[in-house]
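Here's the structure, in structure tokens; my notes come after.
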Amino acid sequence: MPLEFIAAQGSTTNWALVGPLIGGIVAAVALVFAERHRKRETVQTVVDRAVDARIGQVFREFSEYESSARKALEGAQGMERQLQQRLEASKSLTARLDELLGSGDRAVSALEDSKAMIPELLLRQAKEADTPTALAYLSKLANSPIASSDEFERGGDAAFKLKSYELAMKLYERAVEVTPQNATARASLIRARARLGKTSIEDAVKEISDLALAHWNNRTVVAEACNTCMDFDDYESLKALCEGVLEVDPKSVTAWRNLAIARDDLDFPADEVKEAYERALQCVRVGFDESSDIANTAKVYVNFLKDQRDFDKAREIIRRGLEADPGLEILLLLLGEIEVASGGDIGLALWCYQEVAKSDSSASSLAIAKLQEFSKRADLERVGIIPPVVITAVDSGPPASAA
């Protein structure tokens with residue numbers, strides 16, 4: 001019932017009716033609020049459940065993600081450990097590679113060093129080089145740990161020819177050190193020591209003479225002994241040495257030739273000197289050393305014959321020597337001197353001097369000096385030869401008389 005109606009009924013309030021009415025209204029309102037609250041709770045419950053479900057889903061998803069992440073992390077950590085191991089292995093491999101490369105570099109360096117110390121190569125390079133460079137190669141050879149006695153000896157011979165006697169002595173010492181039985185190296189060592197004053201002349205001559213007599217069949221040892229005697233002008237010892245060798249080897253060309261030299265210096269009769277030279281030529285052995293025997297004997301024999309003014313015999317020996325060694329400049333010089341001294345074929349003498357002057361041998365300077373003397377000779381006009389101002393090559397060969 002509306003309140004306006006109640007008010008219109010007068011001021012007298014029937015509380016018996018109003019009270020229940022208000023209580024009903026209040027109850028209704030309360031029911032409304034309760035319903036609303038219930039609905040709100042229901043809605044809230046639905047919301048809460050949805051939220052809880054979502055949260056639970058999120059937690060489940062997060063747990064799965066966390067598990068996956070943990071597995072991924074563990075996998076990543078495992079890969080990191082593998083990478084670290086590989087890195088360590090790589091560092092070790094790199095270090096080993098560097099070590100191997102270093103070893104390779106050292107091996108290459110050692111190979112180059114060993115190549116540079118190959119004895120045969122050093123000897124070949126020394127032979128082809130100028131004197132300072134040749135001596136540098138021979139010095140390397142002297143320090144070689146692999147050279148043979150023969151190689152040291154050959155190096156000593158090369159140094160001796162270059163007049164580096166200290167180096168020659170060192171090389172000969174190495175040769176004897178490697179092979180004490182190397183009589184040739186021992187002979188060369190004695191000669192080098194004597195030349196350097198490392199031993200007395202008397203001791204050197206006796207020692208090398210005894211060595212030659214003990215090795216009379218070694219021509220090089222005998223020759224070294226003879227040369228040592230001549231180095232110190234000891235021709236009495238040279239004569240005794242040669243006679244001692246000839247007692248056991250009557251066909252020794254070296255002994256006969258040097259006996260002739262000793263006899264000549266000791267003023268033996270010319271016939272005895274000539275006999276020794278002739279015996280040397282008669283004993284020339286046919287073979288690889290024949291040319292050397294003839295040429296070496298001819299060089300000293302012709303000088304003797306020139307002094308004896310036996311020009312015809314001298315020409316004969318020269319021709320024989322040139323047949324054995326056509327390039328032997330000393331014999332061409334001697335032939336020129338023979339022709340000039342005997343008043344013989346001046347044209348042939350000029351040709352001989354020109355041939356030697358063209359060469360690069362040590363005899364060329366002497367030949368040039370002879371040609372300069374020719375420019376002052378009046379008898380050149382007699383044979384129709386114009387004095388040479390410039391030395392020219394002679395390609396047509398010797399004059400007919402020299403054939």
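Each chain in the structure tokens gets a letter, A, B and so on, in the order shown; residues start at 1 in every chain, and ligands are counted from 1 in the order they appear.
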Please extract the residues of region 194-276 of chain A with a backbone DSSP assignment of helix (DSSP H, G or I) and present them as an NGL selection string. :A and (194-195 or 201-214 or 219-231 or 235-248 or 253-265 or 270-276)
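Using only C-alpha atoms, the contacts of Lys306 (chain A) at a cut-off of 12 Å, with sequence neighbours closer than 3 positions omitted, comprise Ala298, Lys299, Val300, Tyr301, Val302, Asn303, Arg309, Asp310, Phe311, Asp312, Lys313, Ala314, Arg315, Glu316, Ile317, Ile318, Leu334, Leu335, Gly336, Glu337, Ile338, Glu339, Val340, Ala341 and Ser342 of chain A.
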Contacts of Gln181 (chain A) at 12 Å or less, counting only C-alpha atoms, minus same-chain residues fewer than 5 places along, as a PyMOL selection string? chain A and resi 149-150+175-176+186-187+211+215
Calculated over only C-alpha atoms, which of the candidates A:Ala295, A:Leu322, A:Cys242, A:Ala168 has the smallest distance to Arg191 (chain A)?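 Ranking A:Ala295, A:Leu322, A:Cys242, A:Ala168 by distance to Arg191 (chain A), first place goes to A:Ala168.
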Quick one: everything within 12 Å of Asp360 (chain A), counting only C-alpha atoms, minus sequence neighbours fewer than 6 positions away in the same chain. Send it as a PyMOL selection string. chain A and resi 327+329+366-368
Using N, CA and C atoms, can you export the residues from the last selection as a PDB file, in the first residue's frame?
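File out.pdb, as written:
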ATOM      1  N   GLY A 327     147.190 -27.054 -75.033  1.00  0.00           N
ATOM      2  CA  GLY A 327     146.917 -25.773 -74.395  1.00  0.00           C
ATOM      3  C   GLY A 327     147.935 -25.373 -73.349  1.00  0.00           C
ATOM      4  N   GLU A 329     150.443 -23.329 -72.126  1.00  0.00           N
ATOM      5  CA  GLU A 329     150.998 -22.030 -72.540  1.00  0.00           C
ATOM      6  C   GLU A 329     152.499 -21.924 -72.314  1.00  0.00           C
ATOM      7  N   LEU A 366     153.427 -12.381 -69.285  1.00  0.00           N
ATOM      8  CA  LEU A 366     154.771 -12.580 -69.824  1.00  0.00           C
ATOM      9  C   LEU A 366     154.753 -12.529 -71.351  1.00  0.00           C
ATOM     10  N   ALA A 367     153.706 -13.103 -71.950  1.00  0.00           N
ATOM     11  CA  ALA A 367     153.587 -13.083 -73.410  1.00  0.00           C
ATOM     12  C   ALA A 367     153.416 -11.657 -73.920  1.00  0.00           C
ATOM     13  N   ILE A 368     152.643 -10.855 -73.221  1.00  0.00           N
ATOM     14  CA  ILE A 368     152.444  -9.452 -73.616  1.00  0.00           C
ATOM     15  C   ILE A 368     153.770  -8.697 -73.547  1.00  0.00           C
TER      16      ILE A 368
END
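CA of Ala126 (chain A) is positioned 12.9 Å from CA of Phe152 (chain A).
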